[in-house]
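Okay, so here's the structure we're looking at.
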Amino acid sequence: MTLPAPDPDRTCLVTGASSGIGAEIAERLAARGLGVTLVARTGPKLSDLAGFLADRYAVRAEVIATDLTDDAARRALPGEVAGRDLAVNVLVNNAGFSTVGPVHRADPEREVAMVRTDVEAVAHLCALFLPGMVERRSGAVLNVASTAAFQPLPGQAGYAASKAFVLSYTHAIREELRPHGVTATALCPGPVETGFVAAAGFDQAEAAEAMPRFMWVSAADVARAAVEGMHANRAVVIPGTANRVSAALAWMSPRGLLVPMVAKRHPGLRRR
Ligand SMILES: NC(=O)c1ccc[n+]([C@@H]2O[C@H](COP(=O)([O-])OP(=O)(O)OC[C@H]3O[C@@H](n4cnc5c(N)ncnc54)[C@H](OP(=O)(O)O)[C@@H]3O)[C@@H](O)[C@H]2O)c1
């Protein structure tokens, strides 16, 4: 079993903890008695959640409101945590979003912000926090990818490629970390009802049409599977049987057949 035991000098740093999957993962960690440090841009939401977790689970819950697209803000994170006399022994790289539509009609700045949040921040935070875990021979990393990691996705090209990075990267660091007593797990959810759908520019009806009901899993169930998967030292966690089957099929299908089919069904390409 691999999640570290509760320790007043340690914290689980969870990015994207102001809503959705990140907030639920923070709660599942707190429910195990682990202290949490909640990171996202929206400070008041983080403070509300921190207050709730501290009251309900009697854990230390810290807040760092920051924009993870900002390289200097990311570099400041280890100092901010150390300044509170804490060390990060669980890192959850969950913050992320998707753009929707063909790249040739995209806002270039938004495309770059997506890659900064979904890829650059994951690699940067791992490089910043893993040395301490390796030195202490204790720690766990959860990187949030997506079932989109298993296939190219016309209509969300940059997003699926970003998540493919996260999945490949997590498999690789898992092996690097194995001799040092630190684990790495990739979480690959299918569709989940969170702020993600609206932030991507889908309306709920389009999302429901593109992804049948039986594929949707609640954020609470995704978080439960994620934290149990970390604890069981799983390499990859895909919540929901239908999502596991569809990810396996997508992974094995010839690209020449699969990608044109996916392009035909994607609402972000049909409406533009
Ligand atoms: N929902 C799905 O269907 C689904 C499926 C597969 C994978 N995922 C992945 O799951 C993760 C969580 O998404 P979610 O569904 O829970 O969506 P969400 O409710 O929209 O949450 C996204 C979180 O990321 C934070 N965030 C976004 N940009 C940020 C930035 N520049 N700096 C700091 N924090 C930032 C947001 O907080 P602020 O706005 O306060 O900064 C929010 O807390 C993402 O990586 C997403 O790709 C989601």
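Letters A, B, ... go to the chains of the structure tokens in the order shown; residues in each chain start at 1; ligands are counted from 1 in the same order.
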Site check for ligand 1: residues at most 6 Å away, only C-alpha atoms and all ligand atoms, as a short mmCIF file (atom, residue, chain, number, x, y, z; two decimals) with C-alpha atoms, in the first residue's frame:
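Final file, out-v1.cif:
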```
data_model
loop_
_atom_site.label_atom_id
_atom_site.label_comp_id
_atom_site.auth_asym_id
_atom_site.auth_seq_id
_atom_site.Cartn_x
_atom_site.Cartn_y
_atom_site.Cartn_z
CA GLY A 16 -7.29 22.43 -9.83
CA ALA A 17 -8.84 21.90 -6.40
CA SER A 18 -11.38 24.74 -6.71
CA SER A 19 -13.96 22.54 -8.45
CA GLY A 20 -14.82 19.22 -10.07
CA ILE A 21 -12.49 16.23 -9.86
CA GLY A 22 -9.73 18.12 -8.00
CA ALA A 40 -6.06 26.96 -8.40
CA ARG A 41 -6.72 30.55 -9.49
CA THR A 42 -10.00 31.13 -7.60
CA THR A 66 -2.07 30.86 -8.30
CA ASP A 67 -2.17 30.69 -12.09
CA LEU A 68 -0.36 27.57 -13.27
CA THR A 69 0.25 28.99 -16.74
CA ASN A 94 -5.21 17.75 -11.87
CA ALA A 95 -5.68 21.34 -13.17
CA GLY A 96 -6.56 21.35 -16.83
CA PHE A 97 -8.98 22.40 -19.55
CA THR A 117 -1.72 24.13 -17.97
CA VAL A 144 -4.72 13.48 -14.43
CA ALA A 145 -4.85 12.54 -18.11
CA SER A 146 -8.09 11.44 -19.85
CA PRO A 189 -11.44 9.62 -16.79
CA GLY A 190 -14.01 9.45 -19.56
CA PRO A 191 -16.78 12.09 -19.46
CA VAL A 192 -17.47 13.62 -16.02
CA GLU A 193 -20.06 16.28 -15.19
CA THR A 194 -17.95 19.18 -13.94
CA GLY A 195 -17.17 22.74 -15.02
CA PHE A 196 -14.97 21.18 -17.71
#
```
Per residue of range 66-115 of chain A within 12 Å of range 176-183 of chain A, what are the shortest atom pair and its distance in Å to one decimal, counting only C-alpha atoms, with rows by chain and residue number, as JSON lines?
```
{"residue": "A:Asn89", "atom": "CA", "partner": "A:Val182", "partner_atom": "CA", "distance": 9.1}
{"residue": "A:Val90", "atom": "CA", "partner": "A:Thr183", "partner_atom": "CA", "distance": 9.5}
{"residue": "A:Leu91", "atom": "CA", "partner": "A:Thr183", "partner_atom": "CA", "distance": 10.4}
{"residue": "A:Val92", "atom": "CA", "partner": "A:Thr183", "partner_atom": "CA", "distance": 11.8}
```
Could you pull out all residues of range 58-161 of chain A with a DSSP call of strand (DSSP E or B) and give them as a PDB file with C-alpha atoms, in the first residue's frame?
```
ATOM      1  CA  ALA A  61      -5.871  22.469   4.755  1.00  0.00           C
ATOM      2  CA  GLU A  62      -3.788  25.200   3.106  1.00  0.00           C
ATOM      3  CA  VAL A  63      -4.647  27.419   0.137  1.00  0.00           C
ATOM      4  CA  ILE A  64      -2.365  28.767  -2.587  1.00  0.00           C
ATOM      5  CA  ALA A  65      -4.214  30.826  -5.198  1.00  0.00           C
ATOM      6  CA  ALA A  87       6.788  19.191   2.586  1.00  0.00           C
ATOM      7  CA  VAL A  88       4.780  17.778  -0.310  1.00  0.00           C
ATOM      8  CA  ASN A  89       4.572  13.980  -0.165  1.00  0.00           C
ATOM      9  CA  VAL A  90       1.545  13.577  -2.460  1.00  0.00           C
ATOM     10  CA  LEU A  91       1.332  15.591  -5.688  1.00  0.00           C
ATOM     11  CA  VAL A  92      -1.906  15.608  -7.679  1.00  0.00           C
ATOM     12  CA  ASN A  93      -1.535  17.341 -11.052  1.00  0.00           C
ATOM     13  CA  GLY A 139       5.661   9.882  -1.903  1.00  0.00           C
ATOM     14  CA  ALA A 140       2.979   9.446  -4.527  1.00  0.00           C
ATOM     15  CA  VAL A 141       2.111  11.326  -7.720  1.00  0.00           C
ATOM     16  CA  LEU A 142      -1.247  11.330  -9.491  1.00  0.00           C
ATOM     17  CA  ASN A 143      -1.276  12.933 -12.939  1.00  0.00           C
ATOM     18  CA  VAL A 144      -4.724  13.481 -14.425  1.00  0.00           C
TER      19      VAL A 144
END
```
Could you give me, as an mmCIF file with C-alpha atoms, in the first residue's frame, the residues within 10 Å of Ala160 in chain A, counting only C-alpha atoms and dropping anything in the same chain fewer than 6 positions from it?
```cif
data_model
loop_
_atom_site.group_PDB
_atom_site.id
_atom_site.type_symbol
_atom_site.label_atom_id
_atom_site.label_comp_id
_atom_site.auth_asym_id
_atom_site.auth_seq_id
_atom_site.Cartn_x
_atom_site.Cartn_y
_atom_site.Cartn_z
ATOM 1 C CA SER A 98 -9.704 21.821 -23.217
ATOM 2 C CA ALA A 145 -4.849 12.537 -18.106
ATOM 3 C CA SER A 146 -8.088 11.443 -19.853
ATOM 4 C CA THR A 147 -9.426 8.647 -22.056
ATOM 5 C CA ALA A 148 -8.589 11.192 -24.807
ATOM 6 C CA ALA A 149 -4.958 10.157 -24.167
ATOM 7 C CA PHE A 150 -5.566 6.865 -26.003
ATOM 8 C CA GLN A 151 -6.392 8.348 -29.424
ATOM 9 C CA PRO A 152 -5.970 11.470 -31.563
ATOM 10 C CA LEU A 153 -9.115 13.613 -31.266
ATOM 11 C CA PRO A 154 -9.956 15.967 -34.168
ATOM 12 C CA VAL A 166 0.643 13.050 -19.469
#
```
Sorted by chain and rising residue number, which residues of range 85-204 of chain A lie within 7 Å of range 231-235 of chain A, and what are their closest atom pairs and distances in Å to one decimal, counting only C-alpha atoms, as CSV?
```
residue,atom,partner,partner_atom,distance
A:His171,CA,A:Ala235,CA,6.8
A:Thr183,CA,A:Asn233,CA,6.5
A:Ala184,CA,A:Ala235,CA,6.7
A:Thr185,CA,A:Ala235,CA,4.7
A:Ala186,CA,A:Ala235,CA,6.2
```
Mind checking which residues fall within 12 Å of range 207-219 of chain A, counting only C-alpha atoms, ignoring those fewer than 6 positions away in the same chain, and posting them as a ChimeraX atom specification?
-> /A:19-28,100,147,155,188-198,200-201,225-226,238-247,262-270
Please produce a file of the residues just selected, as a tab-separated table (two decimals), in the first residue's frame, where the atoms kept are N, CA and C atoms.
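As written to disk, out-v7.tsv reads:
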```tsv
chain	number	residue	atom	x	y	z
A	19	SER	N	-12.68	23.09	-7.97
A	19	SER	CA	-13.96	22.54	-8.45
A	19	SER	C	-13.75	21.11	-8.95
A	20	GLY	N	-14.85	20.48	-9.33
A	20	GLY	CA	-14.82	19.22	-10.07
A	20	GLY	C	-14.00	18.11	-9.43
A	21	ILE	N	-13.24	17.42	-10.28
A	21	ILE	CA	-12.49	16.23	-9.86
A	21	ILE	C	-11.45	16.58	-8.79
A	22	GLY	N	-10.78	17.72	-8.95
A	22	GLY	CA	-9.73	18.12	-8.00
A	22	GLY	C	-10.28	18.32	-6.59
A	23	ALA	N	-11.44	18.98	-6.49
A	23	ALA	CA	-12.04	19.22	-5.17
A	23	ALA	C	-12.42	17.88	-4.53
A	24	GLU	N	-12.93	16.96	-5.34
A	24	GLU	CA	-13.32	15.64	-4.81
A	24	GLU	C	-12.10	14.82	-4.40
A	25	ILE	N	-11.03	14.90	-5.17
A	25	ILE	CA	-9.80	14.17	-4.79
A	25	ILE	C	-9.26	14.73	-3.47
A	26	ALA	N	-9.28	16.05	-3.34
A	26	ALA	CA	-8.80	16.67	-2.08
A	26	ALA	C	-9.62	16.14	-0.91
A	27	GLU	N	-10.94	16.02	-1.12
A	27	GLU	CA	-11.78	15.52	-0.01
A	27	GLU	C	-11.46	14.06	0.32
A	28	ARG	N	-11.24	13.22	-0.72
A	28	ARG	CA	-10.94	11.81	-0.46
A	28	ARG	C	-9.60	11.69	0.30
A	100	VAL	N	-12.00	23.65	-27.89
A	100	VAL	CA	-12.81	22.83	-28.79
A	100	VAL	C	-12.88	23.50	-30.16
A	147	THR	N	-9.35	9.70	-21.04
A	147	THR	CA	-9.43	8.65	-22.06
A	147	THR	C	-9.03	9.23	-23.43
A	155	GLY	N	-10.94	18.04	-33.35
A	155	GLY	CA	-11.92	18.85	-32.62
A	155	GLY	C	-11.39	19.21	-31.24
A	188	CYS	N	-7.23	8.42	-15.91
A	188	CYS	CA	-7.78	8.67	-17.25
A	188	CYS	C	-9.31	8.59	-17.22
A	189	PRO	N	-9.97	9.68	-16.81
A	189	PRO	CA	-11.44	9.62	-16.79
A	189	PRO	C	-12.00	9.74	-18.19
A	190	GLY	N	-13.19	9.14	-18.39
A	190	GLY	CA	-14.01	9.45	-19.56
A	190	GLY	C	-14.80	10.70	-19.21
A	191	PRO	N	-16.03	10.87	-19.76
A	191	PRO	CA	-16.78	12.09	-19.46
A	191	PRO	C	-17.26	12.17	-18.01
A	192	VAL	N	-17.10	13.36	-17.42
A	192	VAL	CA	-17.47	13.62	-16.02
A	192	VAL	C	-18.20	14.95	-15.99
A	193	GLU	N	-19.32	15.00	-15.27
A	193	GLU	CA	-20.06	16.28	-15.19
A	193	GLU	C	-19.38	17.22	-14.22
A	194	THR	N	-18.64	18.17	-14.76
A	194	THR	CA	-17.95	19.18	-13.94
A	194	THR	C	-18.01	20.49	-14.72
A	195	GLY	N	-17.24	21.49	-14.28
A	195	GLY	CA	-17.17	22.74	-15.02
A	195	GLY	C	-16.42	22.58	-16.36
A	196	PHE	N	-15.82	21.42	-16.55
A	196	PHE	CA	-14.97	21.18	-17.71
A	196	PHE	C	-15.72	21.35	-19.03
A	197	VAL	N	-16.95	20.80	-19.09
A	197	VAL	CA	-17.71	20.81	-20.34
A	197	VAL	C	-17.99	22.25	-20.77
A	198	ALA	N	-18.45	23.08	-19.82
A	198	ALA	CA	-18.75	24.49	-20.14
A	198	ALA	C	-17.46	25.24	-20.47
A	200	ALA	N	-14.91	24.16	-21.85
A	200	ALA	CA	-14.44	23.76	-23.18
A	200	ALA	C	-15.30	24.39	-24.29
A	201	GLY	N	-16.45	24.95	-23.91
A	201	GLY	CA	-17.31	25.58	-24.92
A	201	GLY	C	-18.35	24.63	-25.49
A	225	ALA	N	-12.06	6.31	-7.17
A	225	ALA	CA	-11.24	5.35	-7.93
A	225	ALA	C	-9.78	5.83	-7.99
A	226	ALA	N	-9.59	7.14	-8.13
A	226	ALA	CA	-8.23	7.70	-8.25
A	226	ALA	C	-7.43	7.45	-6.97
A	238	ILE	N	-8.75	3.97	-14.95
A	238	ILE	CA	-9.81	4.44	-15.87
A	238	ILE	C	-11.14	4.14	-15.19
A	239	PRO	N	-11.80	5.14	-14.62
A	239	PRO	CA	-13.06	4.85	-13.92
A	239	PRO	C	-14.18	4.50	-14.89
A	240	GLY	N	-14.91	3.40	-14.58
A	240	GLY	CA	-16.07	3.00	-15.39
A	240	GLY	C	-15.72	1.94	-16.42
A	241	THR	N	-16.51	0.83	-16.41
A	241	THR	CA	-16.22	-0.28	-17.32
A	241	THR	C	-16.30	0.16	-18.78
A	242	ALA	N	-17.33	0.94	-19.14
A	242	ALA	CA	-17.50	1.35	-20.54
A	242	ALA	C	-16.29	2.16	-21.01
A	243	ASN	N	-15.75	2.98	-20.11
A	243	ASN	CA	-14.58	3.78	-20.49
A	243	ASN	C	-13.33	2.91	-20.65
A	244	ARG	N	-13.22	1.87	-19.82
A	244	ARG	CA	-12.06	0.97	-19.96
A	244	ARG	C	-12.13	0.24	-21.31
A	245	VAL	N	-13.33	-0.21	-21.69
A	245	VAL	CA	-13.48	-0.92	-22.97
A	245	VAL	C	-13.21	0.03	-24.13
A	246	SER	N	-13.79	1.23	-24.06
A	246	SER	CA	-13.62	2.15	-25.20
A	246	SER	C	-12.16	2.63	-25.33
A	247	ALA	N	-11.47	2.79	-24.18
A	247	ALA	CA	-10.05	3.19	-24.24
A	247	ALA	C	-9.21	2.08	-24.88
A	262	VAL	N	-13.99	9.45	-35.71
A	262	VAL	CA	-14.10	10.34	-34.55
A	262	VAL	C	-14.39	11.77	-35.03
A	263	ALA	N	-13.73	12.17	-36.11
A	263	ALA	CA	-13.93	13.54	-36.64
A	263	ALA	C	-15.39	13.75	-37.05
A	264	LYS	N	-16.01	12.73	-37.63
A	264	LYS	CA	-17.42	12.85	-38.07
A	264	LYS	C	-18.36	13.08	-36.91
A	265	ARG	N	-18.04	12.48	-35.74
A	265	ARG	CA	-18.95	12.54	-34.59
A	265	ARG	C	-18.70	13.74	-33.68
A	266	HIS	N	-17.56	14.41	-33.83
A	266	HIS	CA	-17.20	15.42	-32.84
A	266	HIS	C	-18.04	16.70	-33.01
A	267	PRO	N	-18.80	17.09	-31.96
A	267	PRO	CA	-19.68	18.26	-32.10
A	267	PRO	C	-18.91	19.55	-32.40
A	268	GLY	N	-17.70	19.64	-31.94
A	268	GLY	CA	-16.88	20.84	-32.16
A	268	GLY	C	-16.49	21.02	-33.61
A	269	LEU	N	-16.58	19.96	-34.42
A	269	LEU	CA	-16.28	20.09	-35.85
A	269	LEU	C	-17.57	20.22	-36.66
A	270	ARG	N	-18.67	19.63	-36.16
A	270	ARG	CA	-19.93	19.67	-36.92
A	270	ARG	C	-20.54	21.05	-36.94
```
Mind giving me the straight-line distance from CA of Thr2 in chain A to CA of Trp251 in chain A in Å, one decimal?
-> 28.2 Å
If you run DSSP on the backbone, which residues of range 35-229 of chain A are helix (DSSP H, G or I), as a PyMOL selection string?
-> chain A and resi 43-57+71-82+103-105+108-136+147-150+157-180+196-199+204-210+213-215+219-229
Preceding selection exported with C-alpha atoms as an mmCIF file, in the first residue's frame:
```cif
data_model
loop_
_atom_site.group_PDB
_atom_site.id
_atom_site.type_symbol
_atom_site.label_atom_id
_atom_site.label_comp_id
_atom_site.auth_asym_id
_atom_site.auth_seq_id
_atom_site.Cartn_x
_atom_site.Cartn_y
_atom_site.Cartn_z
ATOM 1 C CA GLY A 43 -8.904 31.832 -4.014
ATOM 2 C CA PRO A 44 -12.367 32.180 -2.395
ATOM 3 C CA LYS A 45 -13.497 28.744 -3.643
ATOM 4 C CA LEU A 46 -10.267 27.194 -2.334
ATOM 5 C CA SER A 47 -10.716 28.890 1.055
ATOM 6 C CA ASP A 48 -14.302 27.620 1.342
ATOM 7 C CA LEU A 49 -13.176 24.063 0.569
ATOM 8 C CA ALA A 50 -10.189 24.305 2.932
ATOM 9 C CA GLY A 51 -12.491 25.444 5.766
ATOM 10 C CA PHE A 52 -14.894 22.585 5.068
ATOM 11 C CA LEU A 53 -12.140 19.929 4.955
ATOM 12 C CA ALA A 54 -10.446 21.205 8.118
ATOM 13 C CA ASP A 55 -13.771 21.158 10.022
ATOM 14 C CA ARG A 56 -15.044 17.868 8.701
ATOM 15 C CA TYR A 57 -11.859 15.772 8.713
ATOM 16 C CA ASP A 71 6.211 29.908 -14.941
ATOM 17 C CA ALA A 72 7.376 32.186 -12.085
ATOM 18 C CA ALA A 73 4.273 31.374 -10.005
ATOM 19 C CA ARG A 74 4.984 27.667 -10.416
ATOM 20 C CA ARG A 75 8.629 28.143 -9.420
ATOM 21 C CA ALA A 76 7.471 29.910 -6.245
ATOM 22 C CA LEU A 77 5.327 26.961 -5.081
ATOM 23 C CA PRO A 78 8.014 24.903 -3.232
ATOM 24 C CA GLY A 79 9.049 28.033 -1.282
ATOM 25 C CA GLU A 80 5.401 28.802 -0.413
ATOM 26 C CA VAL A 81 4.902 25.273 0.917
ATOM 27 C CA ALA A 82 8.238 25.233 2.791
ATOM 28 C CA VAL A 103 -6.935 24.329 -34.685
ATOM 29 C CA HIS A 104 -7.046 26.501 -37.811
ATOM 30 C CA ARG A 105 -9.930 28.477 -36.217
ATOM 31 C CA PRO A 108 -3.607 30.920 -30.549
ATOM 32 C CA GLU A 109 -3.225 32.311 -27.015
ATOM 33 C CA ARG A 110 -5.839 29.915 -25.632
ATOM 34 C CA GLU A 111 -4.167 26.942 -27.357
ATOM 35 C CA VAL A 112 -0.860 27.851 -25.724
ATOM 36 C CA ALA A 113 -2.524 28.403 -22.315
ATOM 37 C CA MET A 114 -3.989 24.895 -22.591
ATOM 38 C CA VAL A 115 -0.591 23.322 -23.275
ATOM 39 C CA ARG A 116 0.944 25.352 -20.421
ATOM 40 C CA THR A 117 -1.718 24.133 -17.970
ATOM 41 C CA ASP A 118 -2.166 20.548 -19.184
ATOM 42 C CA VAL A 119 1.463 19.713 -20.068
ATOM 43 C CA GLU A 120 4.022 22.304 -18.934
ATOM 44 C CA ALA A 121 2.662 22.620 -15.373
ATOM 45 C CA VAL A 122 2.574 18.815 -14.954
ATOM 46 C CA ALA A 123 6.207 18.426 -16.012
ATOM 47 C CA HIS A 124 7.311 21.497 -14.034
ATOM 48 C CA LEU A 125 5.601 20.490 -10.764
ATOM 49 C CA CYS A 126 6.917 16.919 -11.025
ATOM 50 C CA ALA A 127 10.452 18.255 -11.531
ATOM 51 C CA LEU A 128 10.021 20.650 -8.589
ATOM 52 C CA PHE A 129 8.524 18.223 -6.063
ATOM 53 C CA LEU A 130 9.889 14.771 -6.948
ATOM 54 C CA PRO A 131 13.447 15.391 -5.657
ATOM 55 C CA GLY A 132 12.136 15.868 -2.097
ATOM 56 C CA MET A 133 10.032 12.711 -2.298
ATOM 57 C CA VAL A 134 12.968 10.681 -3.629
ATOM 58 C CA GLU A 135 15.248 12.059 -0.904
ATOM 59 C CA ARG A 136 12.721 11.049 1.774
ATOM 60 C CA THR A 147 -9.426 8.647 -22.056
ATOM 61 C CA ALA A 148 -8.589 11.192 -24.807
ATOM 62 C CA ALA A 149 -4.958 10.157 -24.167
ATOM 63 C CA PHE A 150 -5.566 6.865 -26.003
ATOM 64 C CA ALA A 157 -6.400 18.021 -31.088
ATOM 65 C CA GLY A 158 -4.208 19.865 -28.588
ATOM 66 C CA TYR A 159 -6.114 18.502 -25.607
ATOM 67 C CA ALA A 160 -5.840 14.825 -26.615
ATOM 68 C CA ALA A 161 -2.155 15.274 -27.497
ATOM 69 C CA SER A 162 -1.567 16.957 -24.114
ATOM 70 C CA LYS A 163 -3.205 14.075 -22.289
ATOM 71 C CA ALA A 164 -1.190 11.556 -24.371
ATOM 72 C CA PHE A 165 1.887 13.366 -23.049
ATOM 73 C CA VAL A 166 0.643 13.050 -19.469
ATOM 74 C CA LEU A 167 -0.054 9.325 -19.863
ATOM 75 C CA SER A 168 3.309 8.521 -21.491
ATOM 76 C CA TYR A 169 5.203 10.747 -19.033
ATOM 77 C CA THR A 170 3.548 9.103 -16.026
ATOM 78 C CA HIS A 171 4.340 5.577 -17.245
ATOM 79 C CA ALA A 172 7.984 6.631 -17.661
ATOM 80 C CA ILE A 173 8.493 8.434 -14.331
ATOM 81 C CA ARG A 174 6.784 5.525 -12.575
ATOM 82 C CA GLU A 175 9.720 3.308 -13.580
ATOM 83 C CA GLU A 176 12.285 5.989 -12.706
ATOM 84 C CA LEU A 177 10.740 6.346 -9.244
ATOM 85 C CA ARG A 178 10.227 2.629 -8.501
ATOM 86 C CA PRO A 179 13.655 2.069 -6.833
ATOM 87 C CA HIS A 180 13.145 5.170 -4.682
ATOM 88 C CA PHE A 196 -14.967 21.178 -17.715
ATOM 89 C CA VAL A 197 -17.713 20.809 -20.344
ATOM 90 C CA ALA A 198 -18.745 24.486 -20.137
ATOM 91 C CA ALA A 199 -15.127 25.685 -19.955
ATOM 92 C CA GLN A 204 -24.483 19.919 -22.072
ATOM 93 C CA ALA A 205 -26.793 18.603 -24.850
ATOM 94 C CA GLU A 206 -23.893 18.402 -27.333
ATOM 95 C CA ALA A 207 -21.715 16.664 -24.742
ATOM 96 C CA ALA A 208 -24.485 14.174 -23.903
ATOM 97 C CA GLU A 209 -25.017 13.409 -27.606
ATOM 98 C CA ALA A 210 -21.308 12.839 -28.265
ATOM 99 C CA ARG A 213 -25.073 8.295 -20.740
ATOM 100 C CA PHE A 214 -23.494 4.987 -19.668
ATOM 101 C CA MET A 215 -20.007 6.454 -20.137
ATOM 102 C CA ALA A 219 -16.634 13.400 -10.052
ATOM 103 C CA ALA A 220 -17.005 11.776 -6.615
ATOM 104 C CA ASP A 221 -16.705 8.260 -8.097
ATOM 105 C CA VAL A 222 -13.736 9.321 -10.264
ATOM 106 C CA ALA A 223 -11.982 10.697 -7.171
ATOM 107 C CA ARG A 224 -12.703 7.549 -5.162
ATOM 108 C CA ALA A 225 -11.237 5.353 -7.933
ATOM 109 C CA ALA A 226 -8.228 7.695 -8.249
ATOM 110 C CA VAL A 227 -7.289 7.668 -4.568
ATOM 111 C CA GLU A 228 -7.883 3.913 -4.233
ATOM 112 C CA GLY A 229 -5.789 3.413 -7.396
#
```
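Here CA of Gln156 in chain A and CA of Pro260 in chain A stand 13.5 Å from one another.
From CA of Pro102 in chain A back to CA of Val259 in chain A, the distance works out to 13.8 Å.
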